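Here's query02.pdb, which has PDB, C-alpha atoms and all ligand atoms:
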MODEL        1
ATOM      1  CA  MET A  25    -157.237 -54.800 -71.588
ATOM      2  CA  GLU A  26    -158.654 -53.561 -74.843
ATOM      3  CA  ARG A  27    -161.720 -54.405 -76.939
ATOM      4  CA  THR A  28    -162.070 -54.710 -80.672
ATOM      5  CA  LEU A  29    -164.856 -55.543 -83.093
ATOM      6  CA  SER A  30    -164.575 -58.507 -85.424
ATOM      7  CA  ILE A  31    -166.838 -59.455 -88.297
ATOM      8  CA  ILE A  32    -166.771 -62.779 -90.103
ATOM      9  CA  LYS A  33    -167.903 -61.470 -93.487
ATOM     10  CA  PRO A  34    -170.506 -63.105 -95.794
ATOM     11  CA  ASP A  35    -167.798 -65.047 -97.676
ATOM     12  CA  GLY A  36    -166.420 -66.478 -94.405
ATOM     13  CA  VAL A  37    -169.868 -67.581 -93.223
ATOM     14  CA  ALA A  38    -170.881 -68.997 -96.638
ATOM     15  CA  ARG A  39    -167.640 -70.969 -96.938
ATOM     16  CA  GLY A  40    -168.002 -72.609 -93.528
ATOM     17  CA  LEU A  41    -165.110 -70.750 -91.891
ATOM     18  CA  ILE A  42    -166.809 -69.520 -88.689
ATOM     19  CA  GLY A  43    -165.241 -72.275 -86.590
ATOM     20  CA  GLU A  44    -161.816 -71.866 -88.177
ATOM     21  CA  VAL A  45    -161.763 -68.115 -87.459
ATOM     22  CA  ILE A  46    -163.054 -68.490 -83.901
ATOM     23  CA  LYS A  47    -160.476 -71.216 -83.229
ATOM     24  CA  ARG A  48    -157.732 -68.694 -84.022
ATOM     25  CA  PHE A  49    -159.199 -66.143 -81.596
ATOM     26  CA  GLU A  50    -159.321 -68.712 -78.814
ATOM     27  CA  ALA A  51    -155.794 -69.930 -79.558
ATOM     28  CA  ASN A  52    -154.432 -66.378 -79.344
ATOM     29  CA  ASN A  53    -155.925 -65.181 -76.063
ATOM     30  CA  LEU A  54    -158.595 -63.044 -77.670
ATOM     31  CA  LYS A  55    -161.567 -63.632 -75.413
ATOM     32  CA  ILE A  56    -165.040 -63.492 -76.967
ATOM     33  CA  VAL A  57    -167.241 -61.234 -74.813
ATOM     34  CA  ALA A  58    -170.154 -60.861 -77.275
ATOM     35  CA  MET A  59    -171.214 -62.661 -80.451
ATOM     36  CA  LYS A  60    -174.209 -62.862 -82.780
ATOM     37  CA  MET A  61    -175.207 -63.691 -86.345
ATOM     38  CA  ILE A  62    -177.034 -60.983 -88.270
ATOM     39  CA  TYR A  63    -177.907 -60.085 -91.847
ATOM     40  CA  MET A  64    -177.275 -56.406 -92.649
ATOM     41  CA  THR A  65    -179.359 -54.366 -95.039
ATOM     42  CA  LYS A  66    -177.513 -52.269 -97.626
ATOM     43  CA  ALA A  67    -178.293 -49.147 -95.538
ATOM     44  CA  GLN A  68    -176.848 -50.758 -92.399
ATOM     45  CA  ALA A  69    -173.683 -51.714 -94.300
ATOM     46  CA  GLN A  70    -173.399 -48.133 -95.619
ATOM     47  CA  GLY A  71    -173.686 -46.809 -92.062
ATOM     48  CA  PHE A  72    -171.036 -49.210 -90.809
ATOM     49  CA  TYR A  73    -168.570 -48.295 -93.574
ATOM     50  CA  ALA A  74    -169.449 -44.559 -93.643
ATOM     51  CA  VAL A  75    -165.723 -43.665 -93.332
ATOM     52  CA  HIS A  76    -165.230 -45.185 -96.789
ATOM     53  CA  LYS A  77    -168.165 -43.490 -98.500
ATOM     54  CA  GLU A  78    -165.962 -41.535-100.933
ATOM     55  CA  ARG A  79    -163.909 -44.586-101.939
ATOM     56  CA  PRO A  80    -164.449 -46.164-105.376
ATOM     57  CA  PHE A  81    -165.150 -49.564-103.803
ATOM     58  CA  PHE A  82    -167.866 -48.313-101.388
ATOM     59  CA  ASP A  83    -170.863 -49.457-103.431
ATOM     60  CA  SER A  84    -169.439 -52.877-104.183
ATOM     61  CA  LEU A  85    -168.255 -53.332-100.574
ATOM     62  CA  THR A  86    -171.660 -52.495 -99.090
ATOM     63  CA  ASP A  87    -173.405 -54.784-101.618
ATOM     64  CA  PHE A  88    -171.061 -57.581-100.564
ATOM     65  CA  MET A  89    -171.486 -56.937 -96.823
ATOM     66  CA  SER A  90    -175.287 -57.081 -97.190
ATOM     67  CA  SER A  91    -175.242 -60.167 -99.445
ATOM     68  CA  GLY A  92    -175.545 -62.775 -96.675
ATOM     69  CA  PRO A  93    -175.341 -63.405 -92.949
ATOM     70  CA  ILE A  94    -172.321 -62.272 -90.961
ATOM     71  CA  VAL A  95    -171.050 -63.048 -87.461
ATOM     72  CA  VAL A  96    -170.136 -60.031 -85.294
ATOM     73  CA  LEU A  97    -168.000 -60.470 -82.184
ATOM     74  CA  ILE A  98    -166.355 -58.356 -79.533
ATOM     75  CA  LEU A  99    -162.865 -59.569 -78.613
ATOM     76  CA  ASP A 100    -161.169 -58.620 -75.372
ATOM     77  CA  GLY A 101    -157.462 -58.932 -74.565
ATOM     78  CA  GLU A 102    -154.152 -57.192 -74.096
ATOM     79  CA  ASN A 103    -153.502 -55.027 -77.181
ATOM     80  CA  ALA A 104    -156.559 -56.665 -78.745
ATOM     81  CA  ILE A 105    -156.811 -54.193 -81.629
ATOM     82  CA  ALA A 106    -153.246 -54.601 -82.892
ATOM     83  CA  LYS A 107    -153.113 -58.304 -82.021
ATOM     84  CA  TYR A 108    -156.250 -59.055 -84.030
ATOM     85  CA  ARG A 109    -155.090 -56.877 -86.979
ATOM     86  CA  GLU A 110    -151.934 -59.030 -86.997
ATOM     87  CA  LEU A 111    -153.890 -62.320 -86.919
ATOM     88  CA  MET A 112    -156.184 -61.053 -89.661
ATOM     89  CA  GLY A 113    -153.426 -59.875 -92.013
ATOM     90  CA  ALA A 114    -153.316 -56.895 -94.376
ATOM     91  CA  THR A 115    -156.217 -55.765 -96.568
ATOM     92  CA  ASN A 116    -154.540 -57.180 -99.671
ATOM     93  CA  TYR A 117    -154.295 -60.917 -98.962
ATOM     94  CA  LYS A 118    -151.616 -61.342-101.630
ATOM     95  CA  GLU A 119    -149.222 -59.054 -99.780
ATOM     96  CA  THR A 120    -149.860 -60.250 -96.256
ATOM     97  CA  ALA A 121    -147.901 -62.559 -93.981
ATOM     98  CA  GLU A 122    -148.129 -66.359 -94.089
ATOM     99  CA  GLY A 123    -150.399 -67.885 -91.478
ATOM    100  CA  THR A 124    -152.796 -64.924 -91.274
ATOM    101  CA  ILE A 125    -156.546 -65.443 -91.742
ATOM    102  CA  ARG A 126    -156.615 -63.417 -94.947
ATOM    103  CA  ARG A 127    -153.516 -65.085 -96.426
ATOM    104  CA  ASP A 128    -154.978 -68.501 -95.706
ATOM    105  CA  PHE A 129    -158.568 -67.891 -96.883
ATOM    106  CA  ALA A 130    -159.192 -64.614 -98.771
ATOM    107  CA  THR A 131    -159.934 -64.907-102.487
ATOM    108  CA  ASP A 132    -160.110 -61.244-103.408
ATOM    109  CA  ILE A 133    -159.164 -57.797-102.014
ATOM    110  CA  GLU A 134    -162.841 -57.288-101.151
ATOM    111  CA  LYS A 135    -163.831 -60.824-100.157
ATOM    112  CA  ASN A 136    -161.281 -61.145 -97.405
ATOM    113  CA  ILE A 137    -163.202 -63.150 -94.764
ATOM    114  CA  VAL A 138    -162.849 -60.835 -91.762
ATOM    115  CA  HIS A 139    -163.109 -57.257 -90.553
ATOM    116  CA  GLY A 140    -161.253 -55.781 -87.562
ATOM    117  CA  SER A 141    -161.295 -52.336 -85.966
ATOM    118  CA  ASP A 142    -158.188 -50.264 -86.732
ATOM    119  CA  SER A 143    -158.047 -47.915 -83.681
ATOM    120  CA  PRO A 144    -159.621 -47.413 -80.244
ATOM    121  CA  GLU A 145    -161.928 -44.761 -81.768
ATOM    122  CA  SER A 146    -163.139 -47.060 -84.544
ATOM    123  CA  ALA A 147    -163.543 -49.939 -82.046
ATOM    124  CA  ASP A 148    -165.825 -47.759 -79.888
ATOM    125  CA  PHE A 149    -167.948 -46.741 -82.867
ATOM    126  CA  GLU A 150    -168.119 -50.261 -84.305
ATOM    127  CA  ILE A 151    -168.947 -51.999 -81.003
ATOM    128  CA  GLY A 152    -171.723 -49.469 -80.370
ATOM    129  CA  TYR A 153    -173.028 -49.965 -83.911
ATOM    130  CA  PHE A 154    -173.866 -53.627 -83.240
ATOM    131  CA  PHE A 155    -174.142 -54.216 -79.485
ATOM    132  CA  ASN A 156    -175.866 -52.712 -76.470
ATOM    133  CA  SER A 157    -174.491 -53.065 -72.932
ATOM    134  CA  PHE A 158    -176.778 -56.030 -72.061
ATOM    135  CA  GLU A 159    -175.212 -58.105 -74.837
ATOM    136  CA  VAL A 160    -171.624 -57.845 -73.602
ATOM    137  CA  ILE A 161    -170.212 -60.168 -70.933
ATOM    138  CA  CYS A 162    -168.197 -58.446 -68.217
TER     139      CYS A 162
HETATM  140  P1  LIG B 201    -159.292 -53.315 -93.677
HETATM  141  O1  LIG B 201    -160.517 -54.209 -93.706
HETATM  142  O2  LIG B 201    -158.019 -54.106 -93.825
HETATM  143  O3  LIG B 201    -159.279 -52.376 -92.490
HETATM  144  P2  LIG B 201    -160.063 -51.009 -95.295
HETATM  145  O4  LIG B 201    -159.106 -50.160 -96.070
HETATM  146  O5  LIG B 201    -160.657 -50.435 -94.052
HETATM  147  O6  LIG B 201    -159.340 -52.408 -95.006
HETATM  148  O7  LIG B 201    -161.214 -51.420 -96.306
HETATM  149  C1  LIG B 201    -162.417 -52.000 -95.829
HETATM  150  C2  LIG B 201    -162.771 -53.163 -96.722
HETATM  151  O8  LIG B 201    -163.041 -52.683 -98.032
HETATM  152  C3  LIG B 201    -161.665 -54.206 -96.924
HETATM  153  O9  LIG B 201    -161.595 -55.159 -95.896
HETATM  154  C4  LIG B 201    -162.098 -54.840 -98.226
HETATM  155  O10 LIG B 201    -163.185 -55.762 -98.032
HETATM  156  C5  LIG B 201    -162.614 -53.642 -99.010
HETATM  157  N1  LIG B 201    -161.574 -53.004 -99.827
HETATM  158  C6  LIG B 201    -160.501 -52.275 -99.401
HETATM  159  N2  LIG B 201    -159.755 -51.846-100.430
HETATM  160  C7  LIG B 201    -160.381 -52.299-101.544
HETATM  161  C8  LIG B 201    -160.101 -52.181-102.953
HETATM  162  O11 LIG B 201    -159.117 -51.555-103.373
HETATM  163  N3  LIG B 201    -160.991 -52.806-103.802
HETATM  164  C9  LIG B 201    -162.080 -53.487-103.357
HETATM  165  N4  LIG B 201    -162.382 -53.620-102.054
HETATM  166  C10 LIG B 201    -161.542 -53.034-101.165
HETATM  167 MG    MG B 202    -160.640 -50.834 -92.030
ENDMDL
END

If you convert what's in this file into structure tokens, what do you get?
Ligand code: IDP
Ligand code: MG
Amino acid sequence: MERTLSIIKPDGVARGLIGEVIKRFEANNLKIVAMKMIYMTKAQAQGFYAVHKERPFFDSLTDFMSSGPIVVLILDGENAIAKYRELMGATNYKETAEGTIRRDFATDIEKNIVHGSDSPESADFEIGYFFNSFEVIC
């Protein structure tokens, strides 16, 4: 079993897609073991995306991620990291497979509805960024 961090981004929450995204997790054997709604400050978004701090889109991305409430979840399952990346689709929604969350709902390369960890190391960092051990169901 493996754990991964998911975020339903401000565009997903604002557009009423929380249920739609969660339905896809439940239909694909990704078990929710922690979940909450929060509203990040700009500084919190910068800390979360610190790996991208040199990228040209960093300022815009962290403005967007602190522009409204988000839902953060921990998903547990076999190959959860890769499985969720597949469900989510590629960063550029125009180039990603049919039936993925981003292909179905993203409107922009930045406003792409969901985040997912990309490796076991990033999953560890990202889970620890949002959750303490009392908030995770075992
Ligand atoms: P990922 O979310 O598919 O892992 P990353 O490369 O880690 O993609 O980028 C993090 C987030 O930054 C993306 O989900 C997207 O919101 C935004 N982003 C990535 N590339 C661009 C870009 O070229 N322009 C604007 N925003 C971008
Ligand atoms: Mg990424």

*Could you please extract the residues within 9 Å of ligand MG 202 (chain B), counting all atoms listed in the file, and hand them back as an MDAnalysis selection string?*
chainID A and resid 73 75:76 115 139:142 146

Padding 4 Å on each side, edges along x, y and z: where is the centre of the box around the listed atoms of ligand LIG 201 (chain B), and how long are its edges in Å to one decimal? Output it as lines of an AutoDock Vina configuration file.
center_x = -160.6
center_y = -53.0
center_z = -98.1
size_x = 13.2
size_y = 13.6
size_z = 19.3

*asked:* (-178.7, -58.8, -84.4) in this file's frame - what residues fall within 9 Å of it? Use only C-alpha atoms and give the answer as a PyMOL selection string.
replied: chain A and resi 60-64+96+154-155

*Return the single residue from A:Ile46, A:Ile98, A:Val160, A:Leu85 that is closest to ligand LIG 201 (chain B), with distances computed using only C-alpha atoms and all ligand atoms.*
A:Leu85

*Identify, on the basis of all atoms listed in the file, every residue whose closest approach to Gly36 (chain A) does not exceed 10 Å; exclude the query and any residue fewer than 3 positions from it along the same chain; express the result as a PyMOL selection string.*
chain A and resi 31-33+39-45+93-95+129-130+135-138

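Closest to ligand LIG 201 (chain B) among A:Asn52, A:Asn116, A:Asn103, A:Gln70 is A:Asn116, based on only C-alpha atoms and all ligand atoms.
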